[in-house]
Amino acid sequence: MTETAEQITLDRGEYDALLARLEDAEDRAVIAERRNAPTLPLAAVERHLAGESLVTLWREERGLSQRALASAAGISPAMLNEIERKKKVPSIVTARALADALGVGLDDLFA
């Protein structure tokens with residue numbers, strides 16, 4: 001036995017309004033999901049857009065010196081300095097250690 005699909009016809013305005021409500025609902029779901037996720041202030045985001053390292057911005061947001069973050073992540077301050085200046089790309093182990101020390105996800109540091 002075959003089932004027949006029901007069809008609904010909407011005019012363009014109703015369809016567009018329905019899509020807009022769907023997009024709003026999706027946005028609200030993402031916001032709710034990330035409600036407790038760490039965020040950077042707008043000034044830091046603008047600095048990132050201008051080319052600064054997210055590692056630097058998160059370190060400053062957390063009030064840490066390079067030496068303190070390097071120690072918490074188990075790397076040398078010189079290595080952290082090179083990562084922050086984007087001269088070196090950290091290994092996944094080092095990236096995870098930095099993220100853990102800063103209390104953020106990898107995608108927050110290396111987006």
# chains A, B, ... in the order shown; residues from 1 in each chain; ligands from 1
>>> residues_around(residues="A:Ala73", least_positions_apart="5", cutoff="12 Å", atoms="only C-alpha atoms", output="list of chain:residue names")
A:Val55, A:Arg59, A:Leu64, A:Gln66, A:Arg67, A:Ala68, A:Met79, A:Leu80, A:Pro90, A:Val93, A:Thr94, A:Ala95, A:Arg96, A:Ala97, A:Leu98, A:Ala99, A:Asp100, A:Ala101, A:Leu102, A:Gly103
>>> select_by_dssp(residues="chain A", states="alpha helix (DSSP H)", output="PyMOL selection string")
chain A and resi 12-33+42-49+54-61+66-73+77-84+92-102+106-109
>>> atom_distance(atom1="atom CA of A:Leu106", atom2="atom CA of A:Leu69")
15.4 Å
>>> residues_around(residues="stretch 82-86 of chain A", least_positions_apart="4", cutoff="8 Å", atoms="only C-alpha atoms", output="ChimeraX atom specification")
/A:52-56,78,90
>>> residues_around(residues="stretch 27-39 of chain A", least_positions_apart="4", cutoff="9 Å", atoms="only C-alpha atoms", output="list of chain:residue names")
A:Leu22, A:Glu23, A:Gly103, A:Val104, A:Gly105, A:Asp108
>>> write_last_selection(atoms="C-alpha atoms", output="mmCIF file, in the first residue's frame")
data_model
loop_
_atom_site.group_PDB
_atom_site.id
_atom_site.type_symbol
_atom_site.label_atom_id
_atom_site.label_comp_id
_atom_site.auth_asym_id
_atom_site.auth_seq_id
_atom_site.Cartn_x
_atom_site.Cartn_y
_atom_site.Cartn_z
ATOM 1 C CA LEU A 22 12.474 29.018 11.399
ATOM 2 C CA GLU A 23 15.766 30.925 11.187
ATOM 3 C CA GLY A 103 38.978 27.201 30.029
ATOM 4 C CA VAL A 104 37.829 27.388 26.410
ATOM 5 C CA GLY A 105 37.337 24.975 23.535
ATOM 6 C CA ASP A 108 37.507 29.266 20.566
#
